[in-house]
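Since the structure comes first, as structure tokens, the remarks are kept for the end.
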Amino acid sequence: MSFAFGIGIGTQNNQGEWLEVYYQQPIMTPDKALIDVVESALDYQGGNQAIEASAEQLHQFANALRQLGQTEQATLAEKTAKSKRPVVVTVLASDDTASSTPEVYLKLHLISHRLVKPHGVKLDGIFGLLPNLAWTNEGAIDLNELAERQLRARIEGRTLEVKSVDKFPQMTDYVVPKGVRIADTARVRLGAYVGEGTTVMHEGFINFNAGTEGTSMIEGRISAGVMIGKGSDLGGGCSTMGTLSGGGNIIISVGENCLLGANAGIGIPLGDRCTVEAGLYITSGTKVALLDDNNELVEVIKARDLAGKPDLLFRRNSQTGAVECKTNKTAIELNEELHANN
Ligand SMILES: CC(C)(COP(=O)(O)OP(=O)(O)OC[C@H]1O[C@@H](n2cnc3c(N)ncnc32)[C@H](O)[C@@H]1OP(=O)(O)O)[C@@H](O)C(=O)NCCC(=O)NCCS
């Protein structure tokens, strides 16, 4: 059984190197019959392979797929045969470390199409395979070719708009998953997993290999690798610590029905029904005073010892400055209107 499959349309630079690939209908665990057709029509040799296909090959491929009863993929292959841009058929026999740009794009698509959860696909080494590109109103452009393209556009009376210079494109240029609101599409990168019922407001941000399980109001940052549980809200400007740059190696996550207050931050995973007071940043070594229901000190422990524990309220005592943790009595009632996405 193969791991994943996708027919994509991509962009190459003047050297014929892949810059990016769009897969409209990526699929997980394609059946053997489909892979056999890739072998016979496109000379697939096995393993993980990204095969550039000509229009003629795509027609043959589409016919073979149709005979097999794979109507959707057959129609897609037939449509892509008319593409003015290069077409690639990518087979991932296994979830090995990616070895080409089309493979990385397929993996990122799998997450954003909600076919796998963050951490459900191997993404090590992807940075080396994702070129830093100019993402423009005319698509992805190799930075070495940008000045020439800008000049050409001006000569033709147009302006080339460079929307970002980055290794990752915005997710919504590739897929808009069902039941989401995204106020500023530039803030969600391809490879984000945006759960049904999620609203990402203008200040919200979702990195690749990160996201939300379901209903959430996201007004803060979800760093790479961080997953937010159903019914949890991230307040304005709050931060979840990533593991990419100095954040340590604990994978941060947020349980269900939590609230990270505005400008708060976490460097530990939170369990269900936890609240972090607005403006409080808890790092894993933060010394926390555990209080009982009468606000009496029980003990002082490090925040990392509370990682993943449910029903906690973290606050900074406004008189002493000490970080305190109490039982979270006010379970978070989410405002249903706020979460009505559809
Ligand atoms: C931490 C937080 C949840 C506490 O809210 P709460 O549970 O409703 O608590 P209250 O404000 O009713 O306070 C309860 C008691 O704790 C005290 N208290 C609250 N915060 C305190 C603090 N930081 N230090 C000392 N005492 C504090 C209150 O004075 C009150 O004392 P009392 O019992 O003597 O009257 C709230 O302050 C908060 O930060 N919410 C986040 C909201 C947010 O940012 N949303 C996202 C918007 S984008």
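Scheme for the structure tokens: letters A, B, ... for chains in order shown; per-chain residue numbers from 1; ligand numbers from 1 in order shown.
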
Dump the neighbourhood of ligand 1 as number ranges by chain: all residues within 8 Å, distances computed on only C-alpha atoms and all ligand atoms.
A: 219, 233-237, 259-264, 275-279, 313-319, 328-330

Determine which residues of range 31-229 of chain A DSSP labels as strand (DSSP E) from the backbone of this structure, then write them out as an MDAnalysis selection string.
chainID A and resid 49:53 87:92 133:136 139:142 162:166 181:182 192:194 198:200 205:206 210:212 216:218 221:222 227:228

Take the residues from that selection and put them in a file with C-alpha atoms, as a PDB file, in the first residue's frame.
```pdb
ATOM      1  CA  GLN A  49       8.913   9.698  -7.281  1.00  0.00           C
ATOM      2  CA  ALA A  50       7.717  12.948  -8.830  1.00  0.00           C
ATOM      3  CA  ILE A  51       7.130  12.283 -12.542  1.00  0.00           C
ATOM      4  CA  GLU A  52       6.839  15.185 -14.946  1.00  0.00           C
ATOM      5  CA  ALA A  53       4.152  14.205 -17.450  1.00  0.00           C
ATOM      6  CA  VAL A  87       2.337  18.835 -14.623  1.00  0.00           C
ATOM      7  CA  VAL A  88       3.755  16.386 -12.099  1.00  0.00           C
ATOM      8  CA  VAL A  89       2.373  13.082 -10.898  1.00  0.00           C
ATOM      9  CA  THR A  90       3.797  12.333  -7.454  1.00  0.00           C
ATOM     10  CA  VAL A  91       3.763   8.976  -5.726  1.00  0.00           C
ATOM     11  CA  LEU A  92       4.947   8.605  -2.149  1.00  0.00           C
ATOM     12  CA  LEU A 133      10.510  32.607  -3.617  1.00  0.00           C
ATOM     13  CA  ALA A 134       8.726  35.785  -4.572  1.00  0.00           C
ATOM     14  CA  TRP A 135       4.988  35.005  -4.306  1.00  0.00           C
ATOM     15  CA  THR A 136       3.382  37.382  -6.767  1.00  0.00           C
ATOM     16  CA  GLY A 139       2.499  33.123  -9.202  1.00  0.00           C
ATOM     17  CA  ALA A 140       5.795  31.975  -7.729  1.00  0.00           C
ATOM     18  CA  ILE A 141       8.967  33.505  -9.159  1.00  0.00           C
ATOM     19  CA  ASP A 142      12.588  32.482  -8.565  1.00  0.00           C
ATOM     20  CA  VAL A 162       5.177  40.761  -4.718  1.00  0.00           C
ATOM     21  CA  LYS A 163       2.925  39.631  -1.891  1.00  0.00           C
ATOM     22  CA  SER A 164       5.627  37.861   0.111  1.00  0.00           C
ATOM     23  CA  VAL A 165       9.177  36.551  -0.084  1.00  0.00           C
ATOM     24  CA  ASP A 166       9.178  33.235   1.733  1.00  0.00           C
ATOM     25  CA  ARG A 181     -13.007  31.974   8.312  1.00  0.00           C
ATOM     26  CA  ILE A 182      -9.605  33.530   7.690  1.00  0.00           C
ATOM     27  CA  ALA A 192      -1.414  24.489   8.358  1.00  0.00           C
ATOM     28  CA  TYR A 193      -4.269  22.296   9.589  1.00  0.00           C
ATOM     29  CA  VAL A 194      -7.297  24.542  10.058  1.00  0.00           C
ATOM     30  CA  THR A 198     -12.031  27.799  13.141  1.00  0.00           C
ATOM     31  CA  THR A 199     -11.926  31.552  12.754  1.00  0.00           C
ATOM     32  CA  VAL A 200      -8.525  33.150  12.282  1.00  0.00           C
ATOM     33  CA  PHE A 205      -1.282  33.205  12.551  1.00  0.00           C
ATOM     34  CA  ILE A 206      -0.920  29.488  11.792  1.00  0.00           C
ATOM     35  CA  ALA A 210       0.372  23.236  13.226  1.00  0.00           C
ATOM     36  CA  GLY A 211      -3.268  24.116  13.648  1.00  0.00           C
ATOM     37  CA  THR A 212      -6.635  23.592  15.279  1.00  0.00           C
ATOM     38  CA  SER A 216     -11.537  27.874  17.775  1.00  0.00           C
ATOM     39  CA  MET A 217     -11.154  31.637  17.705  1.00  0.00           C
ATOM     40  CA  ILE A 218      -7.549  32.341  16.792  1.00  0.00           C
ATOM     41  CA  ARG A 221       0.071  32.836  16.957  1.00  0.00           C
ATOM     42  CA  ILE A 222       0.149  29.072  16.481  1.00  0.00           C
ATOM     43  CA  MET A 227      -1.912  21.912  17.909  1.00  0.00           C
ATOM     44  CA  ILE A 228      -4.912  23.605  19.540  1.00  0.00           C
TER      45      ILE A 228
END
```

I want to know what sits within 7 Å of Lys309 in chain A, based on only C-alpha atoms, with residues of the same chain fewer than 3 positions away left out; could you give that as a list in words?
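Counting only C-alpha atoms, the residues come to Leu270, Gly271 and Leu306 of chain A.
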
For the residues in the current selection, export N, CA and C atoms as a PDB file, in the first residue's frame.
```
ATOM      1  N   LEU A 270      -0.653  22.724  27.479  1.00  0.00           N
ATOM      2  CA  LEU A 270      -1.759  22.879  28.437  1.00  0.00           C
ATOM      3  C   LEU A 270      -2.727  21.717  28.294  1.00  0.00           C
ATOM      4  N   GLY A 271      -3.295  21.286  29.417  1.00  0.00           N
ATOM      5  CA  GLY A 271      -4.349  20.269  29.383  1.00  0.00           C
ATOM      6  C   GLY A 271      -5.686  20.917  29.047  1.00  0.00           C
ATOM      7  N   LEU A 306       3.547  21.161  35.494  1.00  0.00           N
ATOM      8  CA  LEU A 306       2.090  21.249  35.324  1.00  0.00           C
ATOM      9  C   LEU A 306       1.693  20.989  33.864  1.00  0.00           C
TER      10      LEU A 306
END
```

Would you mind listing what lies within 10 Å of range 173-177 of chain A as a list in words, with only C-alpha atoms counted and same-chain residues fewer than 6 positions away left out?
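Here the answer would be Val21, Tyr22, Tyr23, Gln24, Gln25, His109, Ser112, His113, Arg114, Gly139, Thr185, Ala186, Arg189, Leu190, Tyr193, Val194, Gly195 and Glu196 of chain A.
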
Quick one: residues within 10 Å of Gln73 in chain A, only C-alpha atoms counted, chain neighbours fewer than 4 positions away excluded, as an MDAnalysis selection string?
chainID A and resid 6:7 24:27 34 61:62 65:66 69 77:79

As a PyMOL selection string, please: all residues of range 62-236 of chain A that backbone DSSP puts in helix (DSSP H, G or I).
chain A and resi 62-67+71-80+101-112+127-129+143-155+171-173+185-187

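Candidate residues A:Leu312, A:Ile282, A:Leu76, A:Ala41 were compared for distance to Ile252 in chain A, and the nearest is A:Ile282, using only C-alpha atoms.
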
So, counting only C-alpha atoms, which residue among A:Lys82, A:Lys167, A:His202, A:Arg149 is closest to Ala183 in chain A?
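For Ala183 in chain A, the nearest of the candidates is A:His202.
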
Skipping near chain neighbours, those fewer than 2 positions away, what residues fall within 9 Å of Asp96 in chain A using only C-alpha atoms, listed as a ChimeraX atom specification?
/A:48,92-94,98-99,121-123

Could those selected residues go to a file with all heavy atoms, as a compact mmCIF listing (two decimals), in the first residue's frame?
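Output file again.txt follows:
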```
# COMPACT_ATOMS: atom_id res chain seq x y z
N ASN A 48 9.55 6.69 -3.88
CA ASN A 48 8.98 8.04 -3.89
C ASN A 48 9.48 8.75 -5.15
O ASN A 48 10.66 8.94 -5.33
CB ASN A 48 9.41 8.81 -2.64
CG ASN A 48 8.77 8.22 -1.40
OD1 ASN A 48 7.94 7.31 -1.51
ND2 ASN A 48 9.13 8.73 -0.25
N LEU A 92 4.13 8.86 -3.34
CA LEU A 92 4.95 8.60 -2.15
C LEU A 92 4.65 7.17 -1.73
O LEU A 92 3.58 6.88 -1.20
CB LEU A 92 4.58 9.57 -1.01
CG LEU A 92 4.83 11.06 -1.26
CD1 LEU A 92 4.45 11.88 -0.03
CD2 LEU A 92 6.29 11.33 -1.63
N ALA A 93 5.60 6.29 -2.03
CA ALA A 93 5.40 4.88 -1.66
C ALA A 93 5.39 4.75 -0.14
O ALA A 93 4.69 3.92 0.42
CB ALA A 93 6.51 4.03 -2.26
N SER A 94 6.19 5.62 0.51
CA SER A 94 6.24 5.60 1.98
C SER A 94 6.46 7.02 2.47
O SER A 94 6.78 7.91 1.69
CB SER A 94 7.39 4.72 2.44
OG SER A 94 8.60 5.31 2.00
N ALA A 98 11.45 13.56 2.48
CA ALA A 98 11.21 13.98 1.10
C ALA A 98 12.54 14.23 0.38
O ALA A 98 13.52 14.64 1.00
CB ALA A 98 10.35 15.23 1.08
N SER A 99 12.54 13.99 -0.93
CA SER A 99 13.78 14.21 -1.68
C SER A 99 13.57 15.17 -2.84
O SER A 99 14.47 15.38 -3.64
CB SER A 99 14.35 12.88 -2.17
OG SER A 99 13.39 12.26 -3.01
N VAL A 121 3.04 13.38 9.44
CA VAL A 121 3.81 13.15 8.23
C VAL A 121 5.23 13.67 8.48
O VAL A 121 5.41 14.66 9.19
CB VAL A 121 3.10 13.82 7.02
CG1 VAL A 121 2.99 15.31 7.17
CG2 VAL A 121 3.71 13.46 5.71
N LYS A 122 6.21 12.96 7.92
CA LYS A 122 7.62 13.30 8.18
C LYS A 122 8.01 14.55 7.40
O LYS A 122 7.92 14.56 6.17
CB LYS A 122 8.48 12.12 7.70
CG LYS A 122 9.51 11.68 8.67
CD LYS A 122 10.20 10.44 8.14
CE LYS A 122 11.45 10.19 8.93
NZ LYS A 122 12.23 9.11 8.36
N LEU A 123 8.44 15.58 8.11
CA LEU A 123 8.77 16.84 7.43
C LEU A 123 10.23 17.24 7.65
O LEU A 123 10.60 18.37 7.33
CB LEU A 123 7.85 17.97 7.93
CG LEU A 123 6.36 17.84 7.57
CD1 LEU A 123 5.56 18.97 8.19
CD2 LEU A 123 6.17 17.82 6.05
```

Which of these, A:Leu19, A:Leu280, A:Gly128, A:Ser223, has the shortest distance to Pro169 in chain A once you count only C-alpha atoms?
A:Leu19

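Restricting the calculation to only C-alpha atoms, the smallest distance between Met28 in chain A and any of A:Ser2, A:Ser232, A:Thr97, A:Thr327 is found for A:Ser2.
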